[in-house]
file protein05.txt (compact mmCIF, C-alpha atoms)
# COMPACT_ATOMS: atom_id res chain seq x y z
CA MET B 1 100.16 56.39 148.79
CA ARG B 2 103.73 56.51 150.03
CA VAL B 3 104.08 52.84 150.87
CA PRO B 4 103.30 50.32 148.13
CA ILE B 5 101.24 47.38 149.35
CA LEU B 6 101.70 44.17 147.41
CA LYS B 7 99.34 41.24 147.51
CA GLN B 8 101.05 37.88 147.63
CA GLY B 9 98.74 34.93 148.02
CA GLY B 10 96.86 35.33 151.27
CA TYR B 11 99.24 38.00 152.53
CA LEU B 12 99.83 41.70 152.11
CA ILE B 13 103.37 43.01 152.01
CA ALA B 14 103.97 46.67 152.76
CA SER B 15 107.49 47.55 151.76
CA VAL B 16 108.62 50.83 153.26
CA GLN B 17 111.03 52.47 150.82
CA SER B 18 111.81 55.85 152.35
CA ALA B 19 111.44 57.86 155.54
CA LEU B 20 107.79 58.19 156.50
CA THR B 21 106.08 61.26 157.88
CA ASP B 22 103.56 60.84 160.68
CA ARG B 23 100.81 61.25 158.07
CA ASP B 24 102.33 58.51 155.87
CA LEU B 25 102.41 56.14 158.86
CA LEU B 26 98.78 56.80 159.71
CA ASP B 27 97.82 56.31 156.05
CA LEU B 28 99.69 53.01 155.99
CA ARG B 29 97.82 51.89 159.11
CA ASP B 30 94.43 52.77 157.64
CA ASN B 31 95.17 51.38 154.17
CA LEU B 32 96.33 48.04 155.54
CA ALA B 33 93.35 47.71 157.86
CA GLN B 34 91.09 48.29 154.85
CA GLN B 35 92.93 46.09 152.37
CA VAL B 36 93.02 43.13 154.75
CA GLY B 37 89.24 43.07 154.29
CA LYS B 38 89.24 43.82 150.59
CA PHE B 39 91.63 40.96 149.78
CA ARG B 40 90.57 38.73 152.67
CA SER B 41 94.21 38.52 153.71
CA ARG B 42 95.30 36.31 156.58
CA GLY B 43 98.49 38.15 157.28
CA VAL B 44 100.42 41.37 156.81
CA ILE B 45 104.16 41.96 156.68
CA ILE B 46 105.58 45.43 157.12
CA ASP B 47 109.12 45.47 155.82
CA VAL B 48 111.03 48.30 157.52
CA THR B 49 114.50 47.25 156.34
CA SER B 50 115.21 50.59 154.67
CA LEU B 51 114.04 52.76 157.58
CA ASP B 52 116.82 54.55 159.44
CA VAL B 53 114.74 55.76 162.39
CA LEU B 54 111.88 54.29 164.40
CA ASP B 55 110.92 56.90 166.96
CA SER B 56 108.21 56.78 169.62
CA PHE B 57 105.48 57.88 167.23
CA ALA B 58 106.40 55.28 164.60
CA VAL B 59 106.54 52.48 167.16
CA ARG B 60 103.22 53.49 168.66
CA THR B 61 101.63 53.59 165.21
CA LEU B 62 103.00 50.14 164.32
CA ARG B 63 101.60 48.75 167.57
CA THR B 64 98.19 50.24 166.88
CA LEU B 65 98.34 48.94 163.32
CA ALA B 66 99.08 45.40 164.48
CA GLN B 67 96.24 45.56 167.01
CA MET B 68 93.82 46.76 164.33
CA ILE B 69 94.91 44.00 161.96
CA ARG B 70 94.42 41.43 164.71
CA LEU B 71 90.91 42.75 165.34
CA ARG B 72 90.28 42.29 161.63
CA GLY B 73 91.24 38.64 162.03
CA ALA B 74 94.71 38.67 160.49
CA GLU B 75 98.30 38.56 161.74
CA THR B 76 101.02 41.20 161.46
CA VAL B 77 104.78 40.74 161.30
CA ILE B 78 107.25 43.63 161.38
CA ALA B 79 110.30 42.55 159.39
CA GLY B 80 113.78 43.99 158.99
CA ILE B 81 114.36 46.19 162.04
CA GLN B 82 118.05 47.07 161.69
CA PRO B 83 120.43 46.50 164.62
CA GLU B 84 121.10 50.22 165.17
CA ILE B 85 117.37 50.86 165.31
CA ALA B 86 116.83 47.99 167.71
CA PHE B 87 119.50 49.55 169.94
CA ALA B 88 117.92 53.01 169.76
CA MET B 89 114.49 51.52 170.57
CA VAL B 90 115.87 49.81 173.66
CA GLN B 91 117.55 53.06 174.77
CA LEU B 92 114.30 54.94 174.24
CA GLY B 93 112.41 52.36 176.26
CA LEU B 94 110.26 51.39 173.29
CA ASP B 95 109.03 47.93 172.51
CA LEU B 96 106.50 46.50 170.12
CA GLY B 97 104.57 44.68 172.81
CA ASP B 98 103.36 41.35 171.50
CA VAL B 99 103.71 42.30 167.84
CA ALA B 100 105.61 39.60 165.96
CA THR B 101 108.96 40.54 164.41
CA ALA B 102 111.21 38.78 161.93
CA LEU B 103 114.76 39.24 160.69
CA ASP B 104 113.73 39.95 157.12
CA LEU B 105 110.93 39.52 154.61
CA GLU B 106 111.75 35.87 154.00
CA GLU B 107 111.63 35.00 157.71
CA GLY B 108 108.50 37.09 158.02
CA LEU B 109 106.75 34.95 155.41
CA VAL B 110 107.81 31.76 157.19
CA LEU B 111 106.48 33.12 160.47
CA LEU B 112 103.16 34.16 158.93
CA GLU B 113 102.85 30.77 157.25
CA ARG B 114 103.24 29.11 160.63
CA ARG B 115 100.87 31.46 162.41
CA THR B 116 98.09 31.41 159.85
CA SER B 117 98.07 27.75 158.90
CA ARG B 118 94.98 26.03 160.29
CA GLY B 119 96.82 23.79 162.68
CA GLY B 120 98.95 26.67 163.86
CA ARG B 121 95.96 28.84 164.50
CA ARG B 122 94.13 26.16 166.45
CA ALA B 123 97.24 25.32 168.45
CA LYS B 124 97.75 28.99 169.25
CA ARG B 125 94.16 29.45 170.38
CA SER B 126 94.24 26.44 172.67
CA GLY B 127 97.55 27.68 174.04
CA ASN B 128 96.06 30.98 175.16
CA MET S 129 135.61 76.13 178.16
CA PRO S 130 133.01 77.40 175.72
CA SER S 131 132.21 75.28 172.72
CA GLU S 132 133.31 76.65 169.42
CA ALA S 133 130.83 76.49 166.59
CA GLU S 134 132.26 75.14 163.41
CA THR S 135 129.35 74.22 161.25
CA GLU S 136 125.78 75.10 161.91
CA VAL S 137 122.50 74.11 160.30
CA SER S 138 119.18 75.59 161.27
CA VAL S 139 116.03 73.72 160.31
CA PRO S 140 112.66 75.46 160.65
CA VAL S 141 110.11 72.98 162.00
CA GLY S 142 106.42 73.49 161.29
CA SER S 143 105.11 70.15 160.04
CA ASP S 144 105.69 66.43 160.30
CA ALA S 145 107.72 66.53 157.06
CA ASP S 146 110.14 68.96 158.75
CA ILE S 147 110.77 66.35 161.46
CA ILE S 148 112.28 64.13 158.78
CA ILE S 149 114.34 66.98 157.30
CA ALA S 150 115.68 67.86 160.76
CA ARG S 151 116.76 64.32 161.55
CA GLN S 152 118.30 63.78 158.11
CA GLN S 153 120.30 67.02 158.43
CA GLY S 154 121.33 65.96 161.91
CA ARG S 155 122.49 62.57 160.73
CA ALA S 156 124.51 64.16 157.92
CA LEU S 157 126.17 66.64 160.29
CA ALA S 158 126.88 63.93 162.86
CA GLU S 159 128.52 61.86 160.15
CA LYS S 160 130.69 64.86 159.25
CA ALA S 161 131.60 65.20 162.92
CA GLY S 162 132.87 61.62 162.88
CA PHE S 163 129.96 59.66 164.33
CA SER S 164 129.13 56.29 162.84
CA GLY S 165 126.90 53.25 163.19
CA SER S 166 124.38 53.20 165.99
CA ASP S 167 125.43 56.67 167.23
CA LEU S 168 124.06 58.15 164.01
CA THR S 169 120.75 56.43 164.64
CA LEU S 170 120.69 57.67 168.24
CA VAL S 171 121.31 61.26 167.11
CA ALA S 172 118.65 61.06 164.38
CA THR S 173 116.11 59.51 166.76
CA ALA S 174 116.76 62.11 169.48
CA ILE S 175 116.23 64.89 166.91
CA SER S 176 113.03 63.21 165.76
CA GLU S 177 111.65 63.24 169.32
CA VAL S 178 112.45 66.88 170.10
CA ALA S 179 111.28 68.06 166.66
CA ARG S 180 107.99 66.22 167.15
CA ASN S 181 107.65 67.87 170.53
CA ILE S 182 107.74 71.23 168.70
CA VAL S 183 105.15 70.21 166.10
CA GLU S 184 102.80 68.71 168.71
CA HIS S 185 102.91 71.39 171.35
CA ALA S 186 104.10 74.62 169.74
CA ARG S 187 103.28 73.97 166.06
CA ARG S 188 106.41 75.76 164.94
CA GLY S 189 109.97 76.36 166.02
CA GLU S 190 113.45 75.45 164.92
CA VAL S 191 116.12 72.85 165.40
CA VAL S 192 119.68 74.15 165.32
CA LEU S 193 122.41 71.60 164.73
CA ARG S 194 126.04 72.41 165.35
CA MET S 195 129.38 70.65 165.28
CA ILE S 196 131.15 71.37 168.57
CA HIS S 197 134.59 71.06 170.19
CA GLN S 198 135.51 71.10 173.84
CA GLY S 199 139.18 70.47 174.47
CA ASP S 200 139.90 67.18 172.72
CA LYS S 201 136.25 66.25 172.58
CA ARG S 202 134.25 66.55 169.42
CA GLY S 203 130.55 66.21 169.10
CA ILE S 204 127.24 67.59 167.97
CA SER S 205 124.88 69.97 169.68
CA ILE S 206 121.15 69.93 169.02
CA VAL S 207 118.98 72.82 170.15
CA ALA S 208 115.22 72.61 169.67
CA ARG S 209 113.54 75.93 170.33
CA ASP S 210 109.93 77.07 170.20
CA GLU S 211 107.78 79.93 171.40
CA GLY S 212 104.86 77.68 172.20
CA PRO S 213 102.79 77.32 175.36
CA GLY S 214 105.72 76.06 177.45
CA ILE S 215 105.70 73.21 179.93
CA ALA S 216 104.05 73.89 183.27
CA ASP S 217 105.47 70.90 185.11
CA ILE S 218 108.87 69.93 183.74
CA SER S 219 109.47 67.00 186.08
CA LEU S 220 106.08 65.57 185.06
CA ALA S 221 106.90 66.01 181.35
CA MET S 222 110.19 64.19 181.89
CA GLN S 223 108.48 61.19 183.48
CA ASP S 224 108.32 58.08 181.37
CA GLY S 225 104.83 57.43 180.17
CA TYR S 226 103.49 60.94 180.68
CA SER S 227 102.05 62.38 177.51
CA SER S 228 99.89 65.37 176.75
CA GLY S 229 100.22 64.74 173.02
CA LYS S 230 99.89 61.84 170.65
CA GLY S 231 103.19 60.16 171.50
CA LEU S 232 103.87 57.35 173.91
CA GLY S 233 104.90 59.85 176.53
CA LEU S 234 108.44 58.75 175.83
CA GLY S 235 109.51 61.62 173.61
CA LEU S 236 111.53 63.92 175.88
CA PRO S 237 112.54 61.36 178.54
CA GLY S 238 113.46 59.02 175.69
CA ALA S 239 115.54 61.64 173.89
CA ARG S 240 117.41 62.28 177.14
CA ARG S 241 118.58 58.68 177.22
CA LEU S 242 119.94 58.87 173.66
CA VAL S 243 122.38 61.74 174.28
CA ASP S 244 125.22 62.61 176.70
CA GLU S 245 123.93 65.98 177.89
CA PHE S 246 120.35 67.14 178.09
CA GLU S 247 118.98 70.46 179.27
CA LEU S 248 115.36 71.51 179.23
CA GLU S 249 114.31 75.09 179.79
CA SER S 250 110.68 76.10 179.62
CA SER S 251 108.41 78.91 180.76
CA VAL S 252 104.66 78.92 180.41
CA GLY S 253 103.61 81.39 177.74
CA VAL S 254 107.20 81.96 176.60
CA GLY S 255 108.34 78.70 175.07
CA THR S 256 110.58 75.70 175.42
CA THR S 257 114.22 75.10 174.59
CA VAL S 258 115.82 71.66 174.64
CA ARG S 259 119.63 71.55 174.43
CA MET S 260 121.28 68.22 173.80
CA LYS S 261 124.89 67.25 173.20
CA LYS S 262 126.37 64.04 172.04
CA TRP S 263 130.13 63.51 172.22
CA LEU S 264 132.17 61.16 170.12
CA ASN S 265 133.21 58.05 172.07
CA SER S 266 131.45 59.14 175.21
CA HIS S 267 128.78 57.26 177.06
CA ARG S 268 127.90 59.24 180.11
CA SER S 269 124.71 61.15 180.59
CA VAL S 270 124.15 64.52 182.26
CA ALA S 271 120.71 66.07 182.55
CA LYS S 272 119.68 69.49 183.82
CA TYR S 273 116.24 71.00 184.06
CA ARG S 274 115.25 74.56 184.71
call {"tool": "encode", "arguments": {"input": "protein05.txt", "output": "structure tokens"}}
result
Amino acid sequence: MRVPILKQGGYLIASVQSALTDRDLLDLRDNLAQQVGKFRSRGVIIDVTSLDVLDSFAVRTLRTLAQMIRLRGAETVIAGIQPEIAFAMVQLGLDLGDVATALDLEEGLVLLERRTSRGGRRAKRSGN
Amino acid sequence: MPSEAETEVSVPVGSDADIIIARQQGRALAEKAGFSGSDLTLVATAISEVARNIVEHARRGEVVLRMIHQGDKRGISIVARDEGPGIADISLAMQDGYSSGKGLGLGLPGARRLVDEFELESSVGVGTTVRMKKWLNSHRSVAKYR
């Protein structure tokens, strides 16, 4: 497995360390969808701080991943998109849809905490 | 005035791992050519899109990266070439959201927006060649299709 997945409390943290091939990205998607069930995780953070490119395939795969995780009953946050990559994504016309993003891992954890706490969840549901 | 080749790197592309090699080589060459910051990311991302186009549609081909000069201008040229099935309807392939592969349909039209010059040449049964140029400190965009 190219991307180590760490379990921290009720969350899974996938910390991307190096450039990922298409296959690696698909493996990450499938592993996370599985491990959310295995560990009964309420949230997933994908830390992409060290990635230097997010192209159309990577963005599409992250969107699919987040949708799958949501269907499994958990939340996903993409953390650490670098400013140059954000710029390239805008130029490409790519966005992550309604997938949550955070500045870094720390902010990602705060966001997940808010989204997966009972009150937060209920408030979100009634807001929809 | 014709561009003068100074440094050239050719990357054979036949798998998704080669996409990464191509964009890393491109980033390194662009850095040598004087690019920095978000321009490096734009170059690497554009290479990623055209290299993936090769892997998805033609299975194999090559990406040729070159440092170029034109008068006072310096830049990088990226040529992605394959002998795959070719593109029957180029204007359709260049439309945002059109995809015959596994991408978002943003690959080629997206790559066009990341560079200053973009040329797509394709014949069914013969292959496809994408030529892109990015100039240092330049932010205009020219696109040609044949």
call {"tool": "closest_atom_pairs", "arguments": {"input": "protein05.txt", "of": "chain S", "to": "chain B", "cutoff": "8 Å", "atoms": "only C-alpha atoms", "output": "CSV"}}
result
residue,atom,partner,partner_atom,distance
S:Asp144,CA,B:Thr21,CA,5.7
S:Ala145,CA,B:Thr21,CA,5.6
S:Ile147,CA,B:Thr21,CA,7.8
S:Ile148,CA,B:Thr21,CA,6.9
S:Gly165,CA,B:Glu84,CA,6.8
S:Ser166,CA,B:Glu84,CA,4.5
S:Thr169,CA,B:Glu84,CA,6.2
S:Leu170,CA,B:Ala88,CA,5.6
S:Ala172,CA,B:Val53,CA,6.9
S:Thr173,CA,B:Asp55,CA,5.8
S:Ser176,CA,B:Asp55,CA,6.8
S:Glu177,CA,B:Asp55,CA,6.8
S:Lys230,CA,B:Phe57,CA,7.7
S:Gly231,CA,B:Phe57,CA,5.4
S:Leu232,CA,B:Ser56,CA,6.1
S:Leu234,CA,B:Ser56,CA,6.5
S:Gly235,CA,B:Ser56,CA,6.4
S:Pro237,CA,B:Leu92,CA,7.9
S:Gly238,CA,B:Leu92,CA,4.4
S:Ala239,CA,B:Leu92,CA,6.8
S:Arg241,CA,B:Gln91,CA,6.2
S:Leu242,CA,B:Gln91,CA,6.4
call {"tool": "closest_residue", "arguments": {"input": "protein05.txt", "among": "S:Glu136, S:Asp224, S:Ile206, S:Glu184", "to": "Arg151 of chain S", "atoms": "all atoms listed in the file"}}
result
S:Ile206
call {"tool": "atom_distance", "arguments": {"input": "protein05.txt", "atom1": "atom CA of Ile149 of chain S", "atom2": "atom CA of Ser250 of chain S"}}
result
24.4 Å
call {"tool": "atom_distance", "arguments": {"input": "protein05.txt", "atom1": "atom CA of Val254 of chain S", "atom2": "atom CA of Glu211 of chain S"}}
result
5.6 Å
call {"tool": "axis_aligned_box", "arguments": {"input": "protein05.txt", "around": "segment 12-19 of chain B", "padding_each_side": "3 Å", "output": "lines of an AutoDock Vina configuration file"}}
result
center_x = 105.8
center_y = 49.8
center_z = 153.2
size_x = 18.0
size_y = 22.2
size_z = 10.7
call {"tool": "closest_residue", "arguments": {"input": "protein05.txt", "among": "S:Val137, S:Leu236, S:Ile196, S:Ala158", "to": "Asn181 of chain S", "atoms": "only C-alpha atoms"}}
result
S:Leu236
call {"tool": "atom_distance", "arguments": {"input": "protein05.txt", "atom1": "atom CA of Asp95 of chain B", "atom2": "atom CA of Asp146 of chain S"}}
result
25.2 Å
call {"tool": "residues_around", "arguments": {"input": "protein05.txt", "residues": "Val207 of chain S", "least_positions_apart": "3", "cutoff": "7 Å", "atoms": "all atoms listed in the file", "output": "PDB file with C-alpha atoms, keeping the file's coordinate frame"}}
result
ATOM      1  CA  VAL S 191     116.120  72.850 165.400  1.00  0.00           C
ATOM      2  CA  VAL S 192     119.680  74.150 165.320  1.00  0.00           C
ATOM      3  CA  LEU S 193     122.410  71.600 164.730  1.00  0.00           C
ATOM      4  CA  THR S 257     114.220  75.100 174.590  1.00  0.00           C
ATOM      5  CA  VAL S 258     115.820  71.660 174.640  1.00  0.00           C
ATOM      6  CA  ARG S 259     119.630  71.550 174.430  1.00  0.00           C
ATOM      7  CA  MET S 260     121.280  68.220 173.800  1.00  0.00           C
TER       8      MET S 260
END
call {"tool": "closest_residue", "arguments": {"input": "protein05.txt", "among": "S:Leu168, S:Val183, S:Met195, S:Ile215", "to": "Ser251 of chain S", "atoms": "only C-alpha atoms"}}
result
S:Ile215
call {"tool": "decode", "arguments": {"input": "protein05.txt", "residues": "segment 95-122 of chain B", "atoms": "N, CA and C atoms", "output": "CSV table (one decimal), in the first residue's frame"}}
result
chain,number,residue,atom,x,y,z
B,95,ASP,N,-13.1,21.3,-9.5
B,95,ASP,CA,-13.4,21.6,-8.1
B,95,ASP,C,-13.8,20.3,-7.4
B,96,LEU,N,-13.8,20.4,-6.1
B,96,LEU,CA,-14.1,19.2,-5.4
B,96,LEU,C,-15.5,19.0,-5.0
B,97,GLY,N,-16.4,19.8,-5.7
B,97,GLY,CA,-17.8,19.7,-5.4
B,97,GLY,C,-18.1,20.1,-4.0
B,98,ASP,N,-18.8,19.2,-3.3
B,98,ASP,CA,-19.1,19.6,-1.9
B,98,ASP,C,-18.2,18.8,-0.9
B,99,VAL,N,-17.1,18.4,-1.4
B,99,VAL,CA,-16.1,17.7,-0.5
B,99,VAL,C,-15.5,18.8,0.4
B,100,ALA,N,-15.5,18.5,1.7
B,100,ALA,CA,-14.9,19.4,2.7
B,100,ALA,C,-13.4,19.5,2.5
B,101,THR,N,-12.8,20.7,2.7
B,101,THR,CA,-11.4,20.9,2.6
B,101,THR,C,-10.9,21.7,3.9
B,102,ALA,N,-9.7,21.5,4.2
B,102,ALA,CA,-9.1,22.2,5.4
B,102,ALA,C,-7.7,22.6,5.0
B,103,LEU,N,-7.2,23.7,5.7
B,103,LEU,CA,-5.9,24.2,5.5
B,103,LEU,C,-4.8,23.1,5.7
B,104,ASP,N,-4.9,22.4,6.8
B,104,ASP,CA,-3.9,21.4,7.1
B,104,ASP,C,-4.6,20.3,8.0
B,105,LEU,N,-3.7,19.4,8.4
B,105,LEU,CA,-4.2,18.2,9.2
B,105,LEU,C,-4.9,18.7,10.5
B,106,GLU,N,-4.3,19.6,11.1
B,106,GLU,CA,-4.9,20.1,12.4
B,106,GLU,C,-6.3,20.7,12.2
B,107,GLU,N,-6.4,21.6,11.2
B,107,GLU,CA,-7.7,22.2,10.9
B,107,GLU,C,-8.7,21.1,10.4
B,108,GLY,N,-8.2,20.1,9.7
B,108,GLY,CA,-9.0,19.0,9.2
B,108,GLY,C,-9.6,18.2,10.4
B,109,LEU,N,-8.8,18.0,11.5
B,109,LEU,CA,-9.3,17.3,12.6
B,109,LEU,C,-10.4,18.1,13.3
B,110,VAL,N,-10.2,19.4,13.4
B,110,VAL,CA,-11.2,20.3,14.0
B,110,VAL,C,-12.5,20.3,13.3
B,111,LEU,N,-12.4,20.3,11.9
B,111,LEU,CA,-13.6,20.3,11.1
B,111,LEU,C,-14.3,19.0,11.2
B,112,LEU,N,-13.6,17.8,11.3
B,112,LEU,CA,-14.2,16.5,11.4
B,112,LEU,C,-14.9,16.4,12.8
B,113,GLU,N,-14.2,17.0,13.8
B,113,GLU,CA,-14.8,16.9,15.1
B,113,GLU,C,-16.2,17.6,15.1
B,114,ARG,N,-16.2,18.8,14.5
B,114,ARG,CA,-17.4,19.5,14.4
B,114,ARG,C,-18.5,18.8,13.6
B,115,ARG,N,-18.1,18.2,12.5
B,115,ARG,CA,-19.1,17.5,11.6
B,115,ARG,C,-19.6,16.2,12.2
B,116,THR,N,-18.8,15.5,13.0
B,116,THR,CA,-19.2,14.2,13.4
B,116,THR,C,-19.7,14.2,14.9
B,117,SER,N,-19.6,15.3,15.6
B,117,SER,CA,-20.2,15.3,16.9
B,117,SER,C,-21.7,15.2,16.8
B,118,ARG,N,-22.3,14.6,17.8
B,118,ARG,CA,-23.8,14.3,17.7
B,118,ARG,C,-24.6,15.5,17.3
B,119,GLY,N,-24.3,16.6,18.1
B,119,GLY,CA,-25.1,17.8,17.9
B,119,GLY,C,-24.9,18.3,16.5
B,120,GLY,N,-23.6,18.3,16.1
B,120,GLY,CA,-23.3,18.8,14.7
B,120,GLY,C,-24.0,18.0,13.7
B,121,ARG,N,-24.0,16.7,13.8
B,121,ARG,CA,-24.7,15.8,12.8
B,121,ARG,C,-26.2,16.1,12.7
B,122,ARG,N,-26.8,16.3,13.9
B,122,ARG,CA,-28.2,16.5,13.9
B,122,ARG,C,-28.5,17.9,13.3
